[in-house]
Amino acid sequence: MTSSISESWTRIETWLARHAPRTFAALEPPTERSDIAAAEKIIGQPFPEPLVESLLRHNGTADDRLLPPFWKLLNAQMIASDWQLGMRIYRDELESAEEGDPDADFGPWWHSHWIPFAADGGGDTLIIDQRPYHRRGRIGVADHEQGTRFSHHPMWSSLPALLEATATALETGRAVDGYLPVAVDETELDWQIL
């Protein structure tokens, strides 16, 4: 059974405070429900409950990487902004795209039911797939050069699974899906790709 968002955050915070205090300090305070509601209004759909719970714990991670291997969590305002950017950039493709197989490893370049929640700073985002089908909630990588892809590794099955896998990797010092957590200069978290 997957840990709750709150349990995973507690484990992550504990490890960061001890081994990567700079990354711990970069965790933003909680957002307000009104900020979440404003972002939901912009994208025209409610955020999944795990994302709401996470934002109410930490409204992003400033410029520090938290999720393997190089993802920074977005705040509620940036989630809406990144979603709008995706809609603007891929507008033509959206109008002519076929839905395709929602279980496929690759998706369309962008979809209105994808909610971005993390970014790499280079134009790529992690999205929560909110299309109405049985794998709803899985995590995908919206790559601005290659399109969107989905992994079958269990850590990418949902936001709770991703945060739990991150917490476990931090606590054990073991790699997860080929990414090894490293405390750089005993102040900040980084991930090595194996």
# chains A, B, ... in the order shown; residues from 1 in each chain; ligands from 1

$ select_by_dssp --residues "chain A" --states "alpha helix (DSSP H)" --output "PyMOL selection string"
chain A and resi 5-19+21-25+33-43+49-55+76-89+91-96+159-172

$ select_by_dssp --residues "range 26-140 of chain A" --states "strand (DSSP E or B)" --output "PyMOL selection string"
chain A and resi 67+71-73+106+114-119+125-129+139-140

$ write_last_selection --atoms "N, CA, C and O atoms" --output "CSV table (one decimal), in the first residue's frame"
chain,number,residue,atom,x,y,z
A,67,LEU,N,12.6,16.0,-6.9
A,67,LEU,CA,12.3,14.7,-7.5
A,67,LEU,C,13.3,14.1,-8.4
A,67,LEU,O,13.9,14.9,-9.2
A,71,TRP,N,13.9,17.3,-11.2
A,71,TRP,CA,12.6,18.0,-11.2
A,71,TRP,C,12.4,18.9,-10.0
A,71,TRP,O,12.6,18.5,-8.9
A,72,LYS,N,11.9,20.1,-10.3
A,72,LYS,CA,11.5,21.1,-9.2
A,72,LYS,C,10.0,21.1,-9.2
A,72,LYS,O,9.4,21.2,-10.2
A,73,LEU,N,9.5,21.1,-8.0
A,73,LEU,CA,8.0,21.2,-7.9
A,73,LEU,C,7.5,22.6,-8.2
A,73,LEU,O,8.1,23.6,-7.7
A,106,PHE,N,3.6,6.4,-25.2
A,106,PHE,CA,3.8,7.8,-25.6
A,106,PHE,C,2.4,8.3,-25.8
A,106,PHE,O,1.5,7.7,-26.3
A,114,TRP,N,-4.0,17.2,-18.9
A,114,TRP,CA,-2.7,16.9,-18.2
A,114,TRP,C,-2.4,18.1,-17.3
A,114,TRP,O,-2.6,19.3,-17.7
A,115,ILE,N,-2.0,17.9,-16.1
A,115,ILE,CA,-1.7,18.9,-15.1
A,115,ILE,C,-0.2,18.9,-14.8
A,115,ILE,O,0.2,17.9,-14.2
A,116,PRO,N,0.5,19.9,-15.3
A,116,PRO,CA,1.9,19.9,-15.0
A,116,PRO,C,2.1,20.3,-13.5
A,116,PRO,O,1.4,21.1,-12.9
A,117,PHE,N,3.1,19.6,-12.9
A,117,PHE,CA,3.4,19.9,-11.4
A,117,PHE,C,4.8,20.0,-11.1
A,117,PHE,O,5.2,20.4,-10.0
A,118,ALA,N,5.7,19.7,-12.0
A,118,ALA,CA,7.2,19.8,-11.8
A,118,ALA,C,7.8,20.2,-13.1
A,118,ALA,O,7.3,19.8,-14.2
A,119,ALA,N,9.0,20.8,-13.1
A,119,ALA,CA,9.7,21.3,-14.3
A,119,ALA,C,11.2,21.1,-14.1
A,119,ALA,O,11.7,21.0,-13.0
A,125,THR,N,8.2,19.2,-18.5
A,125,THR,CA,7.5,19.1,-17.3
A,125,THR,C,7.0,17.7,-17.0
A,125,THR,O,6.9,16.8,-17.9
A,126,LEU,N,6.8,17.4,-15.7
A,126,LEU,CA,6.1,16.2,-15.3
A,126,LEU,C,4.6,16.6,-15.2
A,126,LEU,O,4.3,17.6,-14.7
A,127,ILE,N,3.8,15.7,-15.7
A,127,ILE,CA,2.4,15.9,-15.8
A,127,ILE,C,1.6,14.8,-15.0
A,127,ILE,O,2.1,13.7,-15.0
A,128,ILE,N,0.5,15.1,-14.5
A,128,ILE,CA,-0.4,14.1,-14.0
A,128,ILE,C,-1.5,13.9,-15.0
A,128,ILE,O,-2.2,14.9,-15.4
A,129,ASP,N,-1.6,12.7,-15.5
A,129,ASP,CA,-2.6,12.4,-16.6
A,129,ASP,C,-4.0,12.3,-16.0
A,129,ASP,O,-4.3,11.3,-15.3
A,139,ILE,N,1.9,9.5,-13.9
A,139,ILE,CA,2.9,10.6,-14.2
A,139,ILE,C,3.5,10.4,-15.5
A,139,ILE,O,3.9,9.3,-15.9
A,140,GLY,N,3.6,11.4,-16.3
A,140,GLY,CA,4.3,11.4,-17.6
A,140,GLY,C,5.3,12.5,-17.7
A,140,GLY,O,5.2,13.5,-17.0

$ residues_around --residues "Gly44 in chain A" --least-positions-apart "4" --cutoff "10 Å" --atoms "only C-alpha atoms" --output "PDB file with N, CA and C atoms, in the first residue's frame"
ATOM      1  N   ALA A  38      -7.974  29.269  -7.819  1.00  0.00           N
ATOM      2  CA  ALA A  38      -7.699  30.165  -8.948  1.00  0.00           C
ATOM      3  C   ALA A  38      -7.009  29.407 -10.080  1.00  0.00           C
ATOM      4  N   ALA A  39      -6.061  28.543  -9.740  1.00  0.00           N
ATOM      5  CA  ALA A  39      -5.367  27.749 -10.755  1.00  0.00           C
ATOM      6  C   ALA A  39      -6.322  26.756 -11.411  1.00  0.00           C
ATOM      7  N   GLU A  40      -7.173  26.123 -10.622  1.00  0.00           N
ATOM      8  CA  GLU A  40      -8.156  25.176 -11.162  1.00  0.00           C
ATOM      9  C   GLU A  40      -9.109  25.884 -12.124  1.00  0.00           C
ATOM     10  N   ALA A  80      -0.703  26.551 -13.274  1.00  0.00           N
ATOM     11  CA  ALA A  80      -1.646  27.155 -14.220  1.00  0.00           C
ATOM     12  C   ALA A  80      -0.918  27.795 -15.389  1.00  0.00           C
ATOM     13  N   SER A 112      -5.272  18.682 -22.854  1.00  0.00           N
ATOM     14  CA  SER A 112      -5.894  19.622 -21.915  1.00  0.00           C
ATOM     15  C   SER A 112      -6.151  19.006 -20.545  1.00  0.00           C
ATOM     16  N   HIS A 113      -6.160  17.668 -20.452  1.00  0.00           N
ATOM     17  CA  HIS A 113      -6.389  17.003 -19.169  1.00  0.00           C
ATOM     18  C   HIS A 113      -5.094  16.614 -18.466  1.00  0.00           C
TER      19      HIS A 113
END

$ atom_distance --atom1 "CA of Ile36 in chain A" --atom2 "CA of Val141 in chain A"
22.3 Å

$ residues_around --residues "Leu55 in chain A" --least-positions-apart "4" --cutoff "9 Å" --atoms "only C-alpha atoms" --output "PDB file with N, CA, C and O atoms, in the first residue's frame"
ATOM      1  N   PRO A  29       6.478  27.415   1.713  1.00  0.00           N
ATOM      2  CA  PRO A  29       5.405  27.175   2.683  1.00  0.00           C
ATOM      3  C   PRO A  29       4.137  26.720   1.964  1.00  0.00           C
ATOM      4  O   PRO A  29       4.070  26.760   0.726  1.00  0.00           O
ATOM      5  N   PRO A  30       3.134  26.317   2.713  1.00  0.00           N
ATOM      6  CA  PRO A  30       1.888  25.867   2.087  1.00  0.00           C
ATOM      7  C   PRO A  30       1.227  26.974   1.267  1.00  0.00           C
ATOM      8  O   PRO A  30       1.386  28.152   1.553  1.00  0.00           O
ATOM      9  N   THR A  31       0.497  26.551   0.254  1.00  0.00           N
ATOM     10  CA  THR A  31      -0.304  27.507  -0.510  1.00  0.00           C
ATOM     11  C   THR A  31      -1.648  27.691   0.179  1.00  0.00           C
ATOM     12  O   THR A  31      -1.985  26.966   1.114  1.00  0.00           O
ATOM     13  N   GLU A  32      -2.395  28.636  -0.286  1.00  0.00           N
ATOM     14  CA  GLU A  32      -3.758  28.855   0.200  1.00  0.00           C
ATOM     15  C   GLU A  32      -4.734  28.104  -0.712  1.00  0.00           C
ATOM     16  O   GLU A  32      -4.489  27.977  -1.913  1.00  0.00           O
ATOM     17  N   ARG A  33      -5.827  27.644  -0.153  1.00  0.00           N
ATOM     18  CA  ARG A  33      -6.838  26.971  -0.989  1.00  0.00           C
ATOM     19  C   ARG A  33      -7.348  27.895  -2.080  1.00  0.00           C
ATOM     20  O   ARG A  33      -7.687  27.441  -3.170  1.00  0.00           O
ATOM     21  N   ILE A  36      -5.154  27.580  -5.086  1.00  0.00           N
ATOM     22  CA  ILE A  36      -5.454  26.347  -5.813  1.00  0.00           C
ATOM     23  C   ILE A  36      -6.729  26.533  -6.631  1.00  0.00           C
ATOM     24  O   ILE A  36      -6.775  26.175  -7.815  1.00  0.00           O
ATOM     25  N   PRO A  50      -4.264  14.239  -4.371  1.00  0.00           N
ATOM     26  CA  PRO A  50      -2.874  14.176  -3.916  1.00  0.00           C
ATOM     27  C   PRO A  50      -2.085  15.458  -4.233  1.00  0.00           C
ATOM     28  O   PRO A  50      -1.241  15.876  -3.435  1.00  0.00           O
ATOM     29  N   LEU A  51      -2.355  16.078  -5.368  1.00  0.00           N
ATOM     30  CA  LEU A  51      -1.669  17.328  -5.713  1.00  0.00           C
ATOM     31  C   LEU A  51      -2.107  18.444  -4.776  1.00  0.00           C
ATOM     32  O   LEU A  51      -1.280  19.236  -4.302  1.00  0.00           O
ATOM     33  N   ASN A  59       4.181  24.653  -1.372  1.00  0.00           N
ATOM     34  CA  ASN A  59       3.768  25.260  -2.643  1.00  0.00           C
ATOM     35  C   ASN A  59       4.984  25.381  -3.560  1.00  0.00           C
ATOM     36  O   ASN A  59       5.427  26.465  -3.907  1.00  0.00           O
ATOM     37  N   GLY A  60       5.565  24.233  -3.914  1.00  0.00           N
ATOM     38  CA  GLY A  60       6.719  24.203  -4.796  1.00  0.00           C
ATOM     39  C   GLY A  60       8.032  24.098  -4.037  1.00  0.00           C
ATOM     40  O   GLY A  60       8.068  24.025  -2.806  1.00  0.00           O
ATOM     41  N   LEU A  74       6.447  22.700  -8.937  1.00  0.00           N
ATOM     42  CA  LEU A  74       5.862  23.991  -9.280  1.00  0.00           C
ATOM     43  C   LEU A  74       4.889  24.433  -8.196  1.00  0.00           C
ATOM     44  O   LEU A  74       4.251  23.607  -7.554  1.00  0.00           O
ATOM     45  N   ASN A  75       4.738  25.749  -8.053  1.00  0.00           N
ATOM     46  CA  ASN A  75       3.710  26.261  -7.155  1.00  0.00           C
ATOM     47  C   ASN A  75       2.386  26.325  -7.922  1.00  0.00           C
ATOM     48  O   ASN A  75       2.348  26.105  -9.144  1.00  0.00           O
ATOM     49  N   ALA A  76       1.305  26.617  -7.230  1.00  0.00           N
ATOM     50  CA  ALA A  76      -0.027  26.601  -7.850  1.00  0.00           C
ATOM     51  C   ALA A  76      -0.113  27.560  -9.037  1.00  0.00           C
ATOM     52  O   ALA A  76      -0.685  27.225 -10.078  1.00  0.00           O
TER      53      ALA A  76
END

$ residues_around --residues "range 2-7 of chain A" --least-positions-apart "5" --cutoff "7 Å" --atoms "only C-alpha atoms" --output "PyMOL selection string"
chain A and resi 50+53-54+160-161+164

$ write_last_selection --atoms "C-alpha atoms" --output "tab-separated table (two decimals), in the first residue's frame"
chain	number	residue	atom	x	y	z
A	50	PRO	CA	-2.87	14.18	-3.92
A	53	GLU	CA	-2.54	17.80	-0.41
A	54	SER	CA	1.04	18.30	-1.59
A	160	PRO	CA	1.74	9.39	-4.01
A	161	ALA	CA	3.91	6.61	-5.50
A	164	GLU	CA	6.98	7.56	-1.55

$ closest_residue --among "A:Glu13, A:Ala183, A:Ile79, A:Ala62" --to "Phe47 in chain A" --atoms "only C-alpha atoms"
A:Ile79

$ residues_around --residues "range 148-156 of chain A" --least-positions-apart "4" --cutoff "9 Å" --atoms "only C-alpha atoms" --output "list of chain:residue names"
A:Asp103, A:Ala104, A:Asp105, A:Phe106, A:Gly107, A:Pro108, A:Trp109, A:Trp110, A:Arg138, A:Ile139, A:Gly140, A:Val141, A:Ala142, A:Asp143, A:His144, A:Pro160, A:Ala161, A:Leu162, A:Leu163, A:Glu164, A:Ala165, A:Thr166, A:Val176, A:Asp177

$ atom_distance --atom1 "CA of Lys41 in chain A" --atom2 "CA of Asp82 in chain A"
14.1 Å
